[in-house]
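Note sheet for the following structure.
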There are 2 protein chains.
Amino acid sequence: MKLSDVNTEERILEAAKTVFMKYGLYGARMQDIADTAGINKALLHYYFRNKEKLFDHVFDGALSKYFQQMEVFSDKSLPLIERINRYIDQMIDFLTEYPQMSIFIIKEISTNPDLFHDKVHKIKNHKSTSLIAVLKESIELKEIPEIDPVIFLMNLHSLCAYPFIASPIFKVIIEKSKTTWSDPYHEKHKQSVKDFVAFKLSN
Amino acid sequence: MKLSDVNTEERILEAAKTVFMKYGLYGARMQDIADTAGINKALLHYYFRNKEKLFDHVFDGALSKYFQQMEVFSDKSLPLIERINRYIDQMIDFLTEYPQMSIFIIKEISTNPDLFHDKVHKIKNHKSTSLIAVLKESIELKEIPEIDPVIFLMNLHSLCAYPFIASPIFKVIIEKSKTTWSDPYHEKHKQSVKDFVAFKLSN
DNA sequence: TTTTGCATTAACCAAATGGTTAAACTAATA
DNA sequence: TATTAGTTTAACCATTTGGTTAATGCAAAA
């Protein structure tokens with residue numbers, strides 16, 4: 001086995017990630033991925049039998065990283081609000097690093113919902129305690145007000161993820177009314193979500 | 001001119017809307033649109049020179065309808081909170097009717113941000129008073145707390161639109177913890193956003 | 001009825017694209 | 001050095017796809 005083995009596969013996956021994230025499954029071109037990786041197109045098919053196999057690798061990786069962010073909900077050593085606040089920090093940091101992630105996942109899922117169903121189930125089984133269950137428990141223990149856990153989860157995700165998804169729209173809407181959407185807003189964004197959580201969960 | 005003229009063009013646009021919304025510019029197939037409209041593929045190019053022209057028609061229509069929802073912000077005859085609450089009702093009703101709308105617009109914009117910039121500018125000029133400006137004014141008049149208008153606008157949009165965008169994800173996450181995401185949640189969703197607004201804008 | 005001009009279609013084309021093949025290269029191994 | 005087995009490539013193939021063309025249909029005008 002040559003040393004370049006790992007290297008080539010790595011480079012392919014990195015290139016695939018970039019191209020798939022930008023154009024999606026349909027829009028991505030194998031030639032584009034090959035060029036980005038600096039290799040021959042046939043070599044793609046040598047390492048990954050076909051486009052779908054390659055896509056699956058990228059997509060699974062993205063999906064698993066995405067859901068990985070939610071594991072903090074299960075950390076029983078922390079108070080509920082603290083868990084959620086950490087999730088907010090983590091998730092927003094994560095999305096700052098991979099701003100295309102949400103839109104990429106959603107794009108593919110909305111185009112092909114069937115395929116998605118199985119994949120999430122496999123991942124979901126790893127972390128047994130979901131936020132919904134945790135919330136229900138806390139409500140029963142009267143630790144938090146009687147909110148609807150599903151609505152709350154939805155609102156929480158919305159506040160975290162949507163700004164990254166819709167940033168091209170916001171950039172235009174906001175226009176010159178403020179400077180670039182960058183660092184200062186990053187923290188303000190986090191805080192606004194935390195405020196929302198505090199508002200919803202305080203007695 | 002035959003009567004069927006208008007009819008055919010209508011049917012093409014309707015079909016194009018359906019197919020483009022589902023697959024996006026890249027993924028949509030002219031043959032698919034033709035089949036959906038029940039006509040020959042060549043007829044598409046007779047009415048709309050090429051794919052992009054046809055897409056533009058659909059996209060422009062979608063974009064204009066989308067931004068049209070925000071016109072209520074300019075209605076000076078209503079108190080600010082009332083305007084925003086109406087916007088929430090309108091927007092969520094609108095997205096309930098066209099659940100693919102947000103993801104469609106965002107998908108295309110994120111793939112092709114340049115083209116988008118001009119289009120919004122044309123539309124934006126029509127409604128002079130944006131929510132940001134209105135908020136700034138109200139803050140100066142001490143009618144509402146000193147919130148960051150951009151953050152607020154972002155949060156508001158997030159809460160309204162994201163649930164529709166991410167509904168495939170939520171459907172899986174929620175799973176059997178609740179029944180289908182439908183009518184009862186529709187109103188609950190609206191109310192949760194209104195609660196957020198009340199929380200943010202009340203002194 | 002004949003003509004005219006738009007509407008519609010079947011057949012076709014060129015380019016793009018995912019994928020294959022057979023040959024060439026390369027570095028260990030015998 | 002010769003062999004072997006994995007790696008990489010150029011050339012090629014079949015299919016898909018946006019788009020064209022030339023012929024046909026058809027309703028109103030002449």
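Residues are named by chain letter and number: chains run A, B, ... in the order of the structure tokens, numbers start at 1 in each chain, and ligands are numbered from 1 in the order shown.
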Using only C-alpha atoms, which chain B residues lie at most 7 Å away from chain A, written as an NGL selection string? :B and (22-23 or 26-27 or 106 or 109-111 or 113 or 117 or 151 or 154-155 or 158-159 or 162-163 or 166 or 168 or 172 or 189)
Contact table chain C vs chain B, cut-off 8 Å, shortest pair per residue, only C-alpha atoms (C1' of nucleotides), as a tab-separated table:
residue	atom	partner	partner_atom	distance
C:DC6	C1'	B:Met1	CA	6.8
C:DT8	C1'	B:Leu43	CA	6.9
C:DT9	C1'	B:Asn40	CA	6.6
Closest-contact table, chain D side, partner chain B, 9 Å, counting only C-alpha atoms (C1' of nucleotides), as CSV:
residue,atom,partner,partner_atom,distance
D:DT17,C1',B:Arg29,CA,7.6
D:DG18,C1',B:Met30,CA,7.5
D:DG19,C1',B:Asn50,CA,7.7
D:DT20,C1',B:Ala42,CA,8.6
D:DA27,C1',B:Lys2,CA,7.5
D:DA28,C1',B:Met1,CA,8.7
Residue selection dump (C-alpha atoms (C1' of nucleotides)) as a short mmCIF file (atom, residue, chain, number, x, y, z; two decimals), in the first residue's frame:
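The new file again-v3.cif reads:
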data_model
loop_
_atom_site.label_atom_id
_atom_site.label_comp_id
_atom_site.auth_asym_id
_atom_site.auth_seq_id
_atom_site.Cartn_x
_atom_site.Cartn_y
_atom_site.Cartn_z
"C1'" DT D 17 -30.76 16.75 -21.52
"C1'" DG D 18 -31.49 21.44 -23.29
"C1'" DG D 19 -32.51 23.03 -27.51
"C1'" DT D 20 -33.67 23.12 -32.83
"C1'" DA D 27 -58.91 28.41 -36.83
"C1'" DA D 28 -59.85 32.95 -38.64
#
Out of stretch 53-173 of chain B, which residues get helix (DSSP H, G or I) from DSSP, as JSON, numbers by chain? {"B": [53, 54, 55, 56, 57, 58, 59, 60, 61, 62, 63, 64, 65, 66, 67, 68, 69, 70, 71, 72, 73, 74, 80, 81, 82, 83, 84, 85, 86, 87, 88, 89, 90, 91, 92, 93, 94, 95, 96, 97, 101, 102, 103, 104, 105, 106, 107, 108, 109, 110, 111, 113, 114, 115, 116, 117, 118, 119, 120, 121, 122, 123, 124, 131, 132, 133, 134, 135, 136, 137, 138, 139, 140, 149, 150, 151, 152, 153, 154, 155, 156, 157, 158, 159, 160, 161, 162, 163, 164, 165, 167, 168, 169, 170, 171, 172, 173]}
Extract, using only C-alpha atoms (C1' of nucleotides), all DNA, RNA and protein residues at most 10 Å from stretch 60-75 of chain A, discarding same-chain residues fewer than 6 positions from it, and format them as a JSON list (two decimals) with N, CA and C atoms, in the first residue's frame.
[["chain", "number", "residue", "atom", "x", "y", "z"],
["A", 17, "LYS", "N", -16.88, 17.02, -0.49],
["A", 17, "LYS", "CA", -17.60, 17.81, 0.51],
["A", 17, "LYS", "C", -17.85, 19.22, -0.02],
["A", 21, "MET", "N", -21.59, 20.27, -1.15],
["A", 21, "MET", "CA", -22.19, 21.29, -0.29],
["A", 21, "MET", "C", -22.67, 22.46, -1.13],
["A", 81, "ILE", "N", -31.45, 24.20, 31.67],
["A", 81, "ILE", "CA", -31.18, 25.44, 30.93],
["A", 81, "ILE", "C", -29.73, 25.51, 30.49],
["A", 82, "GLU", "N", -28.85, 25.06, 31.36],
["A", 82, "GLU", "CA", -27.43, 25.08, 31.03],
["A", 82, "GLU", "C", -27.15, 24.18, 29.82],
["A", 83, "ARG", "N", -27.79, 23.01, 29.81],
["A", 83, "ARG", "CA", -27.63, 22.10, 28.67],
["A", 83, "ARG", "C", -28.05, 22.77, 27.37],
["A", 84, "ILE", "N", -29.20, 23.42, 27.45],
["A", 84, "ILE", "CA", -29.72, 24.06, 26.23],
["A", 84, "ILE", "C", -28.81, 25.21, 25.81],
["A", 85, "ASN", "N", -28.34, 25.98, 26.78],
["A", 85, "ASN", "CA", -27.45, 27.08, 26.44],
["A", 85, "ASN", "C", -26.16, 26.58, 25.80],
["A", 86, "ARG", "N", -25.67, 25.45, 26.31],
["A", 86, "ARG", "CA", -24.46, 24.89, 25.69],
["A", 86, "ARG", "C", -24.74, 24.43, 24.27],
["A", 87, "TYR", "N", -25.91, 23.84, 24.12],
["A", 87, "TYR", "CA", -26.30, 23.42, 22.77],
["A", 87, "TYR", "C", -26.31, 24.63, 21.83],
["A", 88, "ILE", "N", -26.86, 25.74, 22.29],
["A", 88, "ILE", "CA", -26.92, 26.95, 21.46],
["A", 88, "ILE", "C", -25.51, 27.39, 21.07],
["A", 89, "ASP", "N", -24.63, 27.46, 22.06],
["A", 89, "ASP", "CA", -23.24, 27.84, 21.76],
["A", 89, "ASP", "C", -22.61, 26.91, 20.75],
["A", 90, "GLN", "N", -22.71, 25.62, 21.06],
["A", 90, "GLN", "CA", -22.12, 24.61, 20.18],
["A", 90, "GLN", "C", -22.66, 24.70, 18.77],
["A", 91, "MET", "N", -23.98, 24.70, 18.67],
["A", 91, "MET", "CA", -24.61, 24.64, 17.36],
["A", 91, "MET", "C", -24.27, 25.86, 16.53],
["A", 92, "ILE", "N", -24.30, 27.02, 17.16],
["A", 92, "ILE", "CA", -24.02, 28.24, 16.40],
["A", 92, "ILE", "C", -22.54, 28.30, 16.01],
["A", 94, "PHE", "N", -20.75, 25.67, 15.48],
["A", 94, "PHE", "CA", -20.67, 24.64, 14.43],
["A", 94, "PHE", "C", -21.14, 25.19, 13.09],
["A", 95, "LEU", "N", -22.27, 25.87, 13.11],
["A", 95, "LEU", "CA", -22.82, 26.41, 11.86],
["A", 95, "LEU", "C", -22.00, 27.57, 11.34],
["A", 98, "TYR", "N", -19.38, 25.67, 9.47],
["A", 98, "TYR", "CA", -19.93, 25.05, 8.26],
["A", 98, "TYR", "C", -21.28, 25.70, 7.93],
["A", 101, "MET", "N", -23.96, 23.84, 6.01],
["A", 101, "MET", "CA", -24.40, 22.53, 6.50],
["A", 101, "MET", "C", -25.92, 22.36, 6.51],
["A", 102, "SER", "N", -26.60, 23.28, 7.16],
["A", 102, "SER", "CA", -28.05, 23.16, 7.28],
["A", 102, "SER", "C", -28.72, 23.11, 5.92],
["A", 104, "PHE", "N", -27.50, 22.40, 3.12],
["A", 104, "PHE", "CA", -27.11, 21.18, 2.41],
["A", 104, "PHE", "C", -27.98, 20.00, 2.82],
["A", 105, "ILE", "N", -28.06, 19.78, 4.12],
["A", 105, "ILE", "CA", -28.85, 18.66, 4.63],
["A", 105, "ILE", "C", -30.32, 18.81, 4.23],
["A", 116, "PHE", "N", -33.74, 9.56, 3.45],
["A", 116, "PHE", "CA", -33.31, 10.19, 4.69],
["A", 116, "PHE", "C", -33.81, 9.46, 5.93],
["A", 119, "LYS", "N", -31.61, 6.76, 7.44],
["A", 119, "LYS", "CA", -30.32, 7.26, 7.92],
["A", 119, "LYS", "C", -30.43, 7.87, 9.31],
["A", 120, "VAL", "N", -31.42, 8.72, 9.50],
["A", 120, "VAL", "CA", -31.56, 9.37, 10.79],
["A", 120, "VAL", "C", -31.85, 8.34, 11.87],
["A", 122, "LYS", "N", -30.86, 5.36, 12.10],
["A", 122, "LYS", "CA", -29.61, 4.73, 12.51],
["A", 122, "LYS", "C", -28.85, 5.63, 13.48],
["A", 123, "ILE", "N", -28.75, 6.91, 13.13],
["A", 123, "ILE", "CA", -28.01, 7.84, 13.97],
["A", 123, "ILE", "C", -28.75, 8.09, 15.29],
["A", 124, "LYS", "N", -30.03, 8.29, 15.18],
["A", 124, "LYS", "CA", -30.80, 8.65, 16.36],
["A", 124, "LYS", "C", -30.70, 7.64, 17.50],
["A", 126, "HIS", "N", -28.29, 6.17, 18.60],
["A", 126, "HIS", "CA", -27.10, 6.27, 19.41],
["A", 126, "HIS", "C", -27.33, 7.10, 20.68],
["A", 127, "LYS", "N", -28.06, 8.15, 20.55],
["A", 127, "LYS", "CA", -28.31, 8.98, 21.72],
["A", 127, "LYS", "C", -29.78, 8.79, 22.13],
["A", 128, "SER", "N", -29.91, 8.10, 23.23],
["A", 128, "SER", "CA", -31.26, 7.66, 23.59],
["A", 128, "SER", "C", -32.13, 8.81, 24.07],
["A", 129, "THR", "N", -31.54, 9.77, 24.75],
["A", 129, "THR", "CA", -32.33, 10.83, 25.36],
["A", 129, "THR", "C", -32.44, 12.04, 24.45],
["A", 130, "SER", "N", -33.60, 12.28, 23.93],
["A", 130, "SER", "CA", -33.78, 13.45, 23.09],
["A", 130, "SER", "C", -34.29, 14.61, 23.93],
["A", 131, "LEU", "N", -34.19, 15.79, 23.37],
["A", 131, "LEU", "CA", -34.63, 16.97, 24.11],
["A", 131, "LEU", "C", -36.11, 16.90, 24.46],
["A", 132, "ILE", "N", -36.89, 16.37, 23.55],
["A", 132, "ILE", "CA", -38.33, 16.29, 23.81],
["A", 132, "ILE", "C", -38.62, 15.47, 25.07],
["A", 133, "ALA", "N", -37.96, 14.34, 25.18],
["A", 133, "ALA", "CA", -38.16, 13.51, 26.36],
["A", 133, "ALA", "C", -37.72, 14.25, 27.62],
["A", 134, "VAL", "N", -36.56, 14.89, 27.52],
["A", 134, "VAL", "CA", -36.05, 15.64, 28.67],
["A", 134, "VAL", "C", -37.03, 16.72, 29.11],
["A", 135, "LEU", "N", -37.57, 17.43, 28.11],
["A", 135, "LEU", "CA", -38.52, 18.50, 28.42],
["A", 135, "LEU", "C", -39.77, 17.94, 29.10]]
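Atom CA of B:Val19 is positioned 7.3 Å from atom CA of B:Asp32.
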Which neighbours of stretch 12-15 of chain D fall inside 10 Å, counting only C-alpha atoms (C1' of nucleotides), when residues of the same chain fewer than 6 positions from it are skipped, and could you give them as a short mmCIF file (atom, residue, chain, number, x, y, z; two decimals) with N, CA and C atoms (P, O5', C5', C4', C3', O3' and C1' of nucleotides), in the first residue's frame?
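File result_21.cif, as written:
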data_model
loop_
_atom_site.label_atom_id
_atom_site.label_comp_id
_atom_site.auth_asym_id
_atom_site.auth_seq_id
_atom_site.Cartn_x
_atom_site.Cartn_y
_atom_site.Cartn_z
P DT C 17 -21.92 19.10 -17.25
"O5'" DT C 17 -22.16 17.58 -16.89
"C5'" DT C 17 -23.46 17.02 -17.09
"C4'" DT C 17 -23.41 15.55 -16.83
"C3'" DT C 17 -22.27 15.11 -15.89
"O3'" DT C 17 -22.79 14.26 -14.90
"C1'" DT C 17 -22.26 13.82 -17.85
P DG C 18 -21.96 14.00 -13.53
"O5'" DG C 18 -22.15 12.42 -13.39
"C5'" DG C 18 -23.46 11.89 -13.42
"C4'" DG C 18 -23.40 10.42 -13.75
"C3'" DG C 18 -22.45 9.62 -12.88
"O3'" DG C 18 -23.05 8.35 -12.58
"C1'" DG C 18 -21.80 9.45 -15.17
P DG C 19 -22.29 7.33 -11.64
"O5'" DG C 19 -21.52 6.45 -12.72
"C5'" DG C 19 -22.29 5.80 -13.74
"C4'" DG C 19 -21.36 5.13 -14.71
"C3'" DG C 19 -20.25 4.27 -14.09
"O3'" DG C 19 -20.41 2.93 -14.52
"C1'" DG C 19 -19.42 5.63 -15.85
P DT C 20 -19.37 1.77 -14.05
"O5'" DT C 20 -18.52 1.54 -15.37
"C5'" DT C 20 -19.20 1.34 -16.60
"C4'" DT C 20 -18.20 1.00 -17.69
"C3'" DT C 20 -17.13 -0.04 -17.31
"O3'" DT C 20 -17.05 -0.99 -18.36
"C1'" DT C 20 -16.08 1.94 -18.13
P DT C 21 -16.20 -2.33 -18.15
"O5'" DT C 21 -14.98 -2.16 -19.15
"C5'" DT C 21 -15.11 -1.32 -20.29
"C4'" DT C 21 -13.75 -1.19 -20.97
"C3'" DT C 21 -12.70 -2.22 -20.54
"O3'" DT C 21 -11.88 -2.55 -21.64
"C1'" DT C 21 -11.89 -0.06 -20.07
#
Calculate how many Å separate atom CA of A:Glu97 from atom CA of A:Glu9, rounding to one decimal. 22.6 Å
